[in-house]
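The next block is structure-v2.json, given as JSON, C-alpha atoms and all ligand atoms.
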[["chain", "number", "residue", "atom", "x", "y", "z"],
["J", 1, "MET", "CA", 132.89, 92.49, 218.68],
["J", 2, "GLU", "CA", 135.99, 92.61, 220.92],
["J", 3, "GLU", "CA", 137.60, 90.03, 218.71],
["J", 4, "GLU", "CA", 136.90, 92.16, 215.64],
["J", 5, "LYS", "CA", 138.64, 95.13, 217.25],
["J", 6, "CYS", "CA", 141.77, 93.19, 218.13],
["J", 7, "LYS", "CA", 142.15, 91.69, 214.68],
["J", 8, "GLU", "CA", 145.23, 92.99, 212.88],
["J", 9, "LYS", "CA", 144.45, 94.69, 209.60],
["J", 10, "GLU", "CA", 145.40, 92.48, 206.68],
["J", 11, "LYS", "CA", 147.79, 94.12, 204.27],
["J", 12, "ILE", "CA", 146.94, 93.06, 200.72],
["J", 13, "VAL", "CA", 149.80, 94.83, 199.04],
["J", 14, "GLU", "CA", 152.31, 97.56, 199.79],
["J", 15, "GLY", "CA", 153.57, 99.52, 196.80],
["J", 16, "LYS", "CA", 155.96, 102.42, 196.46],
["J", 17, "THR", "CA", 153.44, 105.09, 197.46],
["J", 18, "LYS", "CA", 150.42, 103.27, 198.90],
["J", 19, "ILE", "CA", 149.34, 100.42, 201.17],
["J", 20, "ILE", "CA", 146.17, 98.47, 200.41],
["J", 21, "TRP", "CA", 144.40, 97.05, 203.51],
["J", 22, "ARG", "CA", 141.54, 94.55, 203.39],
["J", 23, "VAL", "CA", 138.35, 95.79, 205.09],
["J", 24, "ASN", "CA", 136.00, 93.01, 203.99],
["J", 25, "ALA", "CA", 135.46, 90.68, 201.00],
["J", 26, "SER", "CA", 134.79, 93.52, 198.58],
["J", 27, "THR", "CA", 136.23, 96.63, 200.26],
["J", 28, "VAL", "CA", 139.77, 97.93, 200.84],
["J", 29, "GLU", "CA", 141.36, 100.88, 202.60],
["J", 30, "ILE", "CA", 143.88, 102.72, 200.42],
["J", 31, "GLU", "CA", 146.51, 104.47, 202.52],
["J", 32, "SER", "CA", 148.94, 106.97, 201.02],
["J", 33, "LYS", "CA", 152.57, 106.95, 202.14],
["J", 34, "PRO", "CA", 154.95, 109.92, 202.43],
["J", 35, "ASP", "CA", 157.12, 108.42, 199.69],
["J", 36, "ILE", "CA", 157.76, 110.10, 196.38],
["J", 37, "THR", "CA", 159.43, 108.25, 193.50],
["J", 38, "ALA", "CA", 160.57, 108.90, 189.95],
["J", 39, "ARG", "CA", 162.24, 107.01, 187.13],
["J", 40, "ASN", "CA", 160.34, 103.80, 187.91],
["J", 41, "GLY", "CA", 161.36, 103.92, 191.57],
["J", 42, "LYS", "CA", 165.08, 104.52, 190.96],
["J", 43, "LYS", "CA", 164.81, 108.01, 192.51],
["J", 44, "ARG", "CA", 163.09, 107.86, 195.87],
["J", 45, "ASP", "CA", 162.49, 110.13, 198.91],
["J", 46, "LYS", "CA", 160.06, 110.73, 201.74],
["J", 47, "ILE", "CA", 158.19, 114.02, 202.18],
["J", 48, "PRO", "CA", 156.52, 114.03, 205.62],
["J", 49, "GLY", "CA", 152.88, 115.06, 205.22],
["J", 50, "LYS", "CA", 152.77, 114.21, 201.51],
["J", 51, "GLU", "CA", 150.47, 111.28, 202.38],
["J", 52, "ILE", "CA", 147.83, 113.70, 203.72],
["J", 53, "LEU", "CA", 148.09, 116.03, 200.72],
["J", 54, "ALA", "CA", 148.03, 113.13, 198.24],
["J", 55, "ASN", "CA", 145.02, 111.55, 199.94],
["J", 56, "ASN", "CA", 143.13, 114.84, 200.01],
["J", 57, "ILE", "CA", 143.83, 115.38, 196.29],
["J", 58, "ALA", "CA", 142.72, 111.84, 195.38],
["J", 59, "CYS", "CA", 139.53, 112.11, 197.48],
["J", 60, "ASN", "CA", 138.65, 115.54, 196.04],
["J", 61, "VAL", "CA", 139.10, 114.19, 192.50],
["J", 62, "PHE", "CA", 137.13, 110.98, 193.11],
["J", 63, "GLU", "CA", 134.28, 112.81, 194.88],
["J", 64, "PHE", "CA", 134.09, 115.15, 191.90],
["J", 65, "LEU", "CA", 134.15, 112.28, 189.35],
["J", 66, "ASN", "CA", 131.58, 110.21, 191.21],
["J", 67, "SER", "CA", 129.28, 113.27, 191.23],
["J", 68, "LYS", "CA", 129.64, 113.40, 187.42],
["J", 69, "ARG", "CA", 128.73, 109.69, 187.14],
["J", 70, "VAL", "CA", 132.20, 108.57, 186.13],
["J", 71, "LYS", "CA", 132.47, 105.22, 187.86],
["J", 72, "THR", "CA", 135.46, 104.81, 190.14],
["J", 73, "HIS", "CA", 136.38, 102.40, 192.94],
["J", 74, "PHE", "CA", 136.11, 105.25, 195.51],
["J", 75, "ILE", "CA", 133.61, 104.78, 198.34],
["J", 76, "LYS", "CA", 134.46, 107.47, 200.92],
["J", 77, "ARG", "CA", 137.20, 109.25, 202.83],
["J", 78, "TYR", "CA", 138.33, 107.17, 205.77],
["J", 79, "SER", "CA", 141.20, 108.92, 207.56],
["J", 80, "GLU", "CA", 143.35, 111.92, 206.69],
["J", 81, "LYS", "CA", 145.70, 109.61, 204.79],
["J", 82, "SER", "CA", 143.29, 106.96, 203.48],
["J", 83, "PHE", "CA", 140.00, 106.27, 201.73],
["J", 84, "LEU", "CA", 137.74, 103.25, 201.31],
["J", 85, "ALA", "CA", 137.43, 101.71, 197.87],
["J", 86, "LYS", "CA", 136.07, 98.65, 196.12],
["J", 87, "LEU", "CA", 138.54, 95.78, 196.02],
["J", 88, "CYS", "CA", 139.72, 95.41, 192.43],
["J", 89, "GLU", "CA", 141.75, 93.09, 190.33],
["J", 90, "MET", "CA", 143.96, 95.65, 188.65],
["J", 91, "VAL", "CA", 144.36, 95.74, 184.88],
["J", 92, "PRO", "CA", 148.10, 96.19, 184.23],
["J", 93, "VAL", "CA", 147.63, 99.23, 182.04],
["J", 94, "GLU", "CA", 148.17, 102.96, 182.32],
["J", 95, "VAL", "CA", 145.75, 104.97, 180.21],
["J", 96, "VAL", "CA", 147.24, 108.36, 179.37],
["J", 97, "VAL", "CA", 145.21, 111.28, 177.99],
["J", 98, "ARG", "CA", 147.16, 114.15, 176.49],
["J", 99, "ARG", "CA", 146.16, 117.69, 175.49],
["J", 100, "TYR", "CA", 149.79, 118.69, 174.99],
["J", 101, "ALA", "CA", 152.74, 116.74, 173.59],
["J", 102, "LEU", "CA", 155.08, 116.15, 176.53],
["J", 103, "GLY", "CA", 156.99, 113.34, 178.23],
["J", 104, "SER", "CA", 157.46, 110.05, 176.42],
["J", 105, "TYR", "CA", 155.20, 111.21, 173.56],
["J", 106, "LEU", "CA", 158.06, 113.44, 172.37],
["J", 107, "LYS", "CA", 160.43, 110.48, 172.33],
["J", 108, "ARG", "CA", 158.06, 108.43, 170.20],
["J", 109, "HIS", "CA", 157.34, 111.42, 167.93],
["J", 110, "PRO", "CA", 160.55, 113.46, 167.73],
["J", 111, "GLU", "CA", 159.07, 115.44, 164.82],
["J", 112, "ILE", "CA", 156.36, 116.94, 167.07],
["J", 113, "PRO", "CA", 157.33, 120.12, 168.95],
["J", 114, "LYS", "CA", 157.19, 120.14, 172.75],
["J", 115, "PHE", "CA", 153.85, 121.51, 174.00],
["J", 116, "PHE", "CA", 152.13, 120.92, 170.67],
["J", 117, "ARG", "CA", 148.42, 121.20, 171.48],
["J", 118, "PHE", "CA", 146.14, 118.39, 170.30],
["J", 119, "LYS", "CA", 142.78, 119.76, 169.19],
["J", 120, "LYS", "CA", 141.18, 116.55, 170.41],
["J", 121, "PRO", "CA", 142.97, 114.99, 173.38],
["J", 122, "ILE", "CA", 144.78, 111.80, 172.41],
["J", 123, "VAL", "CA", 144.70, 108.58, 174.42],
["J", 124, "GLU", "CA", 147.59, 106.13, 174.74],
["J", 125, "LEU", "CA", 147.94, 102.83, 176.58],
["J", 126, "PHE", "CA", 151.03, 101.55, 178.36],
["J", 127, "TYR", "CA", 151.59, 98.07, 179.75],
["J", 128, "LYS", "CA", 152.62, 98.15, 183.41],
["J", 129, "SER", "CA", 155.85, 96.20, 183.51],
["J", 130, "ASP", "CA", 159.00, 97.43, 185.24],
["J", 131, "LYS", "CA", 160.98, 94.72, 183.44],
["J", 132, "LEU", "CA", 159.85, 95.99, 180.01],
["J", 133, "ARG", "CA", 160.01, 99.68, 181.07],
["J", 134, "ASP", "CA", 156.22, 100.18, 180.73],
["J", 135, "PRO", "CA", 155.94, 99.64, 176.96],
["J", 136, "TYR", "CA", 153.57, 101.43, 174.62],
["J", 137, "ILE", "CA", 150.60, 99.30, 173.53],
["J", 138, "ILE", "CA", 149.01, 98.91, 170.12],
["J", 139, "THR", "CA", 145.83, 96.89, 170.33],
["J", 140, "GLN", "CA", 144.97, 94.35, 167.67],
["J", 141, "GLY", "CA", 142.00, 92.04, 167.46],
["J", 142, "ASN", "CA", 138.25, 91.81, 167.46],
["J", 143, "GLN", "CA", 135.31, 91.17, 169.81],
["J", 144, "LYS", "CA", 136.49, 87.58, 170.33],
["J", 145, "ARG", "CA", 140.17, 88.02, 171.07],
["J", 146, "ILE", "CA", 142.53, 90.93, 171.53],
["J", 147, "ASP", "CA", 146.29, 91.16, 171.70],
["J", 148, "TRP", "CA", 148.57, 93.92, 172.88],
["J", 149, "ILE", "CA", 151.58, 94.56, 170.66],
["J", 150, "LEU", "CA", 154.29, 96.10, 172.82],
["J", 151, "TYR", "CA", 156.84, 98.71, 171.76],
["J", 152, "GLU", "CA", 159.62, 100.56, 173.58],
["J", 153, "ALA", "CA", 157.86, 103.61, 175.08],
["J", 154, "LYS", "CA", 160.81, 105.95, 174.68],
["J", 155, "GLU", "CA", 161.68, 105.31, 171.03],
["J", 156, "PRO", "CA", 159.88, 106.02, 167.76],
["J", 157, "LEU", "CA", 157.72, 103.08, 166.72],
["J", 158, "SER", "CA", 159.58, 100.75, 164.38],
["J", 159, "THR", "CA", 160.48, 97.11, 163.95],
["J", 160, "ASN", "CA", 163.50, 97.89, 166.15],
["J", 161, "SER", "CA", 161.36, 99.07, 169.04],
["J", 162, "PHE", "CA", 159.02, 96.05, 168.89],
["J", 163, "LEU", "CA", 159.14, 94.11, 172.17],
["J", 164, "GLY", "CA", 156.55, 91.39, 171.84],
["J", 165, "ARG", "CA", 152.92, 90.42, 171.65],
["J", 166, "ILE", "CA", 150.76, 89.35, 174.60],
["J", 167, "SER", "CA", 147.12, 88.55, 175.07],
["J", 168, "ALA", "CA", 145.19, 91.51, 176.55],
["J", 169, "SER", "CA", 143.83, 91.58, 180.12],
["J", 170, "TRP", "CA", 140.40, 92.79, 179.08],
["J", 171, "SER", "CA", 137.97, 92.55, 176.16],
["J", 172, "LEU", "CA", 137.86, 95.01, 173.28],
["J", 173, "LYS", "CA", 134.56, 96.32, 174.61],
["J", 174, "GLU", "CA", 136.08, 96.93, 178.05],
["J", 175, "GLU", "CA", 139.11, 98.65, 176.54],
["J", 176, "LYS", "CA", 136.93, 100.97, 174.47],
["J", 177, "LEU", "CA", 134.84, 101.79, 177.53],
["J", 178, "ALA", "CA", 137.94, 102.48, 179.63],
["J", 179, "ILE", "CA", 139.33, 104.82, 176.96],
["J", 180, "LYS", "CA", 136.01, 106.67, 176.89],
["J", 181, "LYS", "CA", 136.01, 107.00, 180.69],
["J", 182, "ALA", "CA", 139.61, 108.24, 180.73],
["J", 183, "LYS", "CA", 138.78, 110.88, 178.10],
["J", 184, "LYS", "CA", 135.69, 112.00, 179.98],
["J", 185, "THR", "CA", 137.71, 112.23, 183.21],
["J", 186, "PHE", "CA", 140.33, 114.35, 181.49],
["J", 187, "ILE", "CA", 137.80, 116.72, 179.90],
["J", 188, "LEU", "CA", 135.90, 117.19, 183.17],
["J", 189, "LEU", "CA", 139.06, 117.95, 185.15],
["J", 190, "GLU", "CA", 140.61, 120.07, 182.39],
["J", 191, "ARG", "CA", 137.48, 122.26, 182.29],
["J", 192, "VAL", "CA", 137.49, 122.90, 186.04],
["J", 193, "PHE", "CA", 141.23, 123.55, 186.24],
["J", 194, "ARG", "CA", 140.90, 125.93, 183.27],
["J", 195, "ASP", "CA", 138.15, 127.76, 185.13],
["J", 196, "LEU", "CA", 140.41, 128.02, 188.18],
["J", 197, "GLY", "CA", 143.30, 129.36, 186.09],
["J", 198, "TYR", "CA", 145.41, 126.21, 185.64],
["J", 199, "ILE", "CA", 146.32, 124.00, 182.72],
["J", 200, "LEU", "CA", 145.90, 120.24, 182.83],
["J", 201, "ALA", "CA", 148.39, 119.09, 180.19],
["J", 202, "ASP", "CA", 147.97, 115.32, 180.57],
["J", 203, "LEU", "CA", 146.60, 112.66, 182.90],
["J", 204, "LYS", "CA", 147.25, 108.99, 183.70],
["J", 205, "VAL", "CA", 144.52, 106.71, 185.02],
["J", 206, "GLU", "CA", 144.48, 103.04, 185.99],
["J", 207, "PHE", "CA", 141.56, 100.63, 185.90],
["J", 208, "GLY", "CA", 140.47, 97.67, 187.98],
["J", 209, "ARG", "CA", 137.77, 95.00, 187.86],
["J", 210, "THR", "CA", 135.51, 95.02, 190.93],
["J", 211, "THR", "CA", 134.34, 91.79, 192.59],
["J", 212, "GLU", "CA", 131.13, 92.36, 190.60],
["J", 213, "GLY", "CA", 133.10, 92.27, 187.36],
["J", 214, "GLU", "CA", 132.81, 95.93, 186.46],
["J", 215, "ILE", "CA", 135.75, 97.92, 185.04],
["J", 216, "VAL", "CA", 136.17, 101.15, 187.02],
["J", 217, "ILE", "CA", 138.83, 103.80, 187.50],
["J", 218, "ALA", "CA", 140.97, 102.58, 190.41],
["J", 219, "ASP", "CA", 144.28, 103.32, 192.13],
["J", 220, "VAL", "CA", 144.53, 107.09, 192.70],
["J", 221, "ILE", "CA", 144.40, 110.27, 190.70],
["J", 222, "ASP", "CA", 146.69, 112.60, 192.59],
["J", 223, "ASN", "CA", 149.47, 115.09, 191.93],
["J", 224, "ASP", "CA", 151.68, 112.28, 190.56],
["J", 225, "SER", "CA", 149.08, 111.37, 187.92],
["J", 226, "TRP", "CA", 149.17, 114.48, 185.78],
["J", 227, "ARG", "CA", 151.04, 117.51, 184.52],
["J", 228, "LEU", "CA", 149.34, 120.57, 185.97],
["J", 229, "LEU", "CA", 150.70, 124.01, 185.16],
["J", 230, "THR", "CA", 150.02, 127.60, 185.99],
["J", 231, "GLU", "CA", 149.09, 129.96, 183.13],
["J", 232, "GLU", "CA", 152.74, 131.08, 183.19],
["J", 233, "GLY", "CA", 153.79, 127.49, 182.46],
["J", 234, "GLU", "CA", 155.14, 126.66, 185.92],
["J", 235, "HIS", "CA", 154.75, 122.99, 186.91],
["J", 236, "LEU", "CA", 152.76, 122.23, 190.08],
["J", 237, "ASP", "CA", 153.13, 118.45, 189.69],
["J", 238, "LYS", "CA", 155.88, 115.88, 190.20],
["J", 239, "GLN", "CA", 157.95, 117.37, 187.34],
["J", 240, "LEU", "CA", 159.96, 119.50, 189.80],
["J", 241, "TYR", "CA", 160.91, 116.38, 191.73],
["J", 242, "ARG", "CA", 161.94, 114.62, 188.52],
["J", 243, "GLU", "CA", 164.16, 117.62, 187.77],
["J", 244, "GLY", "CA", 165.87, 117.32, 191.16],
["J", 245, "LYS", "CA", 164.40, 120.38, 192.93],
["J", 246, "ASP", "CA", 164.66, 120.34, 196.75],
["J", 247, "LEU", "CA", 161.97, 118.52, 198.70],
["J", 248, "ASP", "CA", 160.63, 121.68, 200.39],
["J", 249, "THR", "CA", 159.90, 123.22, 196.99],
["J", 250, "VAL", "CA", 158.20, 119.99, 195.93],
["J", 251, "ARG", "CA", 156.13, 119.87, 199.14],
["J", 252, "THR", "CA", 154.95, 123.46, 198.59],
["J", 253, "LYS", "CA", 153.60, 122.47, 195.15],
["J", 254, "TYR", "CA", 151.68, 119.53, 196.65],
["J", 255, "GLU", "CA", 150.21, 121.91, 199.25],
["J", 256, "ILE", "CA", 149.10, 124.30, 196.49],
["J", 257, "VAL", "CA", 147.50, 121.50, 194.46],
["J", 258, "SER", "CA", 145.76, 120.11, 197.54],
["J", 259, "GLN", "CA", 144.25, 123.60, 198.07],
["J", 260, "ILE", "CA", 143.29, 123.94, 194.39],
["J", 261, "THR", "CA", 141.49, 120.58, 194.38],
["J", 262, "ASN", "CA", 139.47, 121.66, 197.45],
["J", 263, "SER", "CA", 137.68, 123.93, 194.94],
["J", 264, "LEU", "CA", 136.46, 120.87, 193.00],
["J", 265, "LYS", "CA", 133.72, 120.73, 195.68],
["J", 266, "ASN", "CA", 132.23, 123.88, 194.15],
["J", 267, "TYR", "CA", 131.74, 122.05, 190.83],
["J", 268, "ILE", "CA", 129.88, 119.03, 192.18],
["J", 301, "LIG", "N1", 140.94, 99.16, 194.47],
["J", 301, "LIG", "C1", 142.09, 98.47, 194.50],
["J", 301, "LIG", "N2", 142.08, 97.16, 194.84],
["J", 301, "LIG", "C2", 143.23, 96.46, 194.87],
["J", 301, "LIG", "N3", 144.46, 96.96, 194.57],
["J", 301, "LIG", "C3", 144.52, 98.26, 194.22],
["J", 301, "LIG", "C4", 143.35, 99.09, 194.16],
["J", 301, "LIG", "N4", 143.73, 100.34, 193.77],
["J", 301, "LIG", "C5", 145.07, 100.28, 193.59],
["J", 301, "LIG", "N5", 145.57, 99.05, 193.86],
["J", 301, "LIG", "C6", 146.98, 98.59, 193.80],
["J", 301, "LIG", "O1", 147.69, 99.03, 194.93],
["J", 301, "LIG", "C7", 149.07, 98.82, 194.70],
["J", 301, "LIG", "C8", 149.90, 99.75, 195.51],
["J", 301, "LIG", "O2", 149.95, 101.02, 194.95],
["J", 301, "LIG", "P1", 151.31, 101.75, 194.54],
["J", 301, "LIG", "O3", 150.92, 102.74, 193.50],
["J", 301, "LIG", "O4", 152.00, 102.20, 195.76],
["J", 301, "LIG", "O5", 152.16, 100.61, 193.87],
["J", 301, "LIG", "P2", 153.45, 100.83, 192.98],
["J", 301, "LIG", "O6", 154.65, 100.49, 193.79],
["J", 301, "LIG", "O7", 153.38, 102.16, 192.33],
["J", 301, "LIG", "O8", 153.27, 99.70, 191.95],
["J", 301, "LIG", "P3", 152.46, 99.77, 190.63],
["J", 301, "LIG", "O9", 153.50, 99.84, 189.57],
["J", 301, "LIG", "O10", 151.65, 98.51, 190.63],
["J", 301, "LIG", "O11", 151.59, 101.01, 190.68],
["J", 301, "LIG", "C9", 149.26, 98.89, 193.19],
["J", 301, "LIG", "O12", 149.69, 97.64, 192.71],
["J", 301, "LIG", "C10", 147.84, 99.18, 192.70],
["J", 301, "LIG", "O13", 147.58, 98.54, 191.48],
["J", 302, "MG", "MG", 151.42, 102.98, 191.41]]
Can the structure from this file be put into C-alpha cells for me?
Amino acid sequence: MEEEKCKEKEKIVEGKTKIIWRVNASTVEIESKPDITARNGKKRDKIPGKEILANNIACNVFEFLNSKRVKTHFIKRYSEKSFLAKLCEMVPVEVVVRRYALGSYLKRHPEIPKFFRFKKPIVELFYKSDKLRDPYIITQGNQKRIDWILYEAKEPLSTNSFLGRISASWSLKEEKLAIKKAKKTFILLERVFRDLGYILADLKVEFGRTTEGEIVIADVIDNDSWRLLTEEGEHLDKQLYREGKDLDTVRTKYEIVSQITNSLKNYI
C-alpha cells in the first residue's frame, strides 16, 4: 500500500492543453492545463483558473451525454481540474458538426454566406496533422478497405487543393457510427443550449478506441470545442481569443460557459 502511494504518477502524454496520466491498465486521469492556444498552437497564453473552468465544462457535458446513452470515455470527476476516463488509442480525426456555415467551411465554400443555416446539420471530417494543417477528409472505399483522400482545409476543393491519399484509421462501419454519435451529441447539446437561450453553431469531437476495442467519444468537449453564441450573436467561446481580445475578457466568457453548463444537470 505504502509503495503504491509513493509511486510517481506516470505521464502518458502532455499536449498543449491537457496532461494524460496513467491510473491503471485501462484507465487514465485527464488533467486540464491553464493554457489556451489558437492557430494550431502558434498563438499561446495561460489563463490561471481556466483549467478548473474547462474541466467543469467537460465533466458537465460528459455526464449529460452518458445519461443520454452516448458512449464516451468519461468515467467520473476526479479533482477540480481532472476527470477519470478509459484509456484510448486516439483516432487522428476531428469530427465537426455544423448548424451554421462558419470557420473553415466558408473558405472551402466561398459561395455560401457566413452564418448560412443548414436545415440538417452537416458533418465533416478532418485529419489531425499539424504538418498538413489538419486537412479535410473525403472517405472512399467499402466494408473491406477505406482510404482518406486529403484536401487543403482552407481552400475550395479542387485538384489544386489535393494533398494525398492515406489508408483510414478505422473501418467504414466505425466511421459511420462515429458520425452518427457526433450528430446525436450535437443535437442533444443544441437542444439544451437553445432551451437555455444560447446558440450552438458548431461542435468538434474526437474519438478513441478503448482497450476493449470500442470507438467512443474521447478527449474533451469544452469551450474550445464549439462556437456558442448568445441570442444577440455574441461569442462565448474561444473566438474572442482568436480575435486577440484581452485575457480577462476571455476568462469571463469561460466563467459564463462553465455556469451555463452547470444547468445541463437539470436535463439528465
Ligand atoms: N482517453 C484518452 N486516452 C489517451 N489519450 C487521450 C485520451 N483522451 C485524449 N487523449 C489525448 O491526450 C492528448 C493531450 O491532449 P491535448 O488536447 O492537450 O493535446 P494537443 O496538444 O491539443 O494535441 P492534439 O493535436 O493531439 O489534440 C491528445 O493527444 C489527445 O488525443
Ligand atoms: Mg487537443
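Checking J:Glu124, J:Glu51, J:Asp130, J:Asp147 one by one against J:Arg165, counting all atoms listed in the file, you find the shortest gap at J:Asp147.
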Local residues around (150.8, 124.8, 187.4), at most 9 Å away, using only C-alpha atoms, as a ChimeraX atom specification = /J:197-200,227-237,253,257
ask   = Once you count all atoms listed in the file, which residues end up no further than 8 Å from (144.8, 108.3, 186.5) in the file's frame, shown as a PyMOL selection string?
value = chain J and resi 94-96+182+203-206+217-222+225-226
inquiry  = Just to confirm, what's the straight-line distance from atom CA of J:Leu84 to atom CA of J:Ile30 in Å (one decimal)?
reply    = 6.2 Å
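Between J:Lys173 and the candidates J:Asn142, J:Gln259, J:Thr185, J:Thr72, the tightest atom-to-atom separation, counting all atoms listed in the file, involves J:Asn142.
Across the structure, atom CA of J:Glu14 and atom CA of J:Glu255 are spaced 24.4 Å apart.
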message = If the limit is 8 Å from any atom of ligand LIG 301 (chain J), counting only C-alpha atoms and all ligand atoms, which residues qualify? Return them as a PyMOL selection string.
response = chain J and resi 12-20+27-28+30+32-33+41+73-74+85-92+128-130+206+208+210+218-220
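Here atom CA of J:Thr252 is placed at a distance of 28.0 Å from atom CA of J:Arg117.
For the choices J:Ile179, J:Asp224, J:Tyr127, J:Val192, the atom-to-atom distance to ligand MG 302 (chain J) is smallest for J:Asp224 when using only C-alpha atoms and all ligand atoms.
With distances restricted to all atoms listed in the file, J:Phe207 is the closest residue to ligand MG 302 (chain J) from J:Tyr241, J:Phe83, J:Phe116, J:Phe207.
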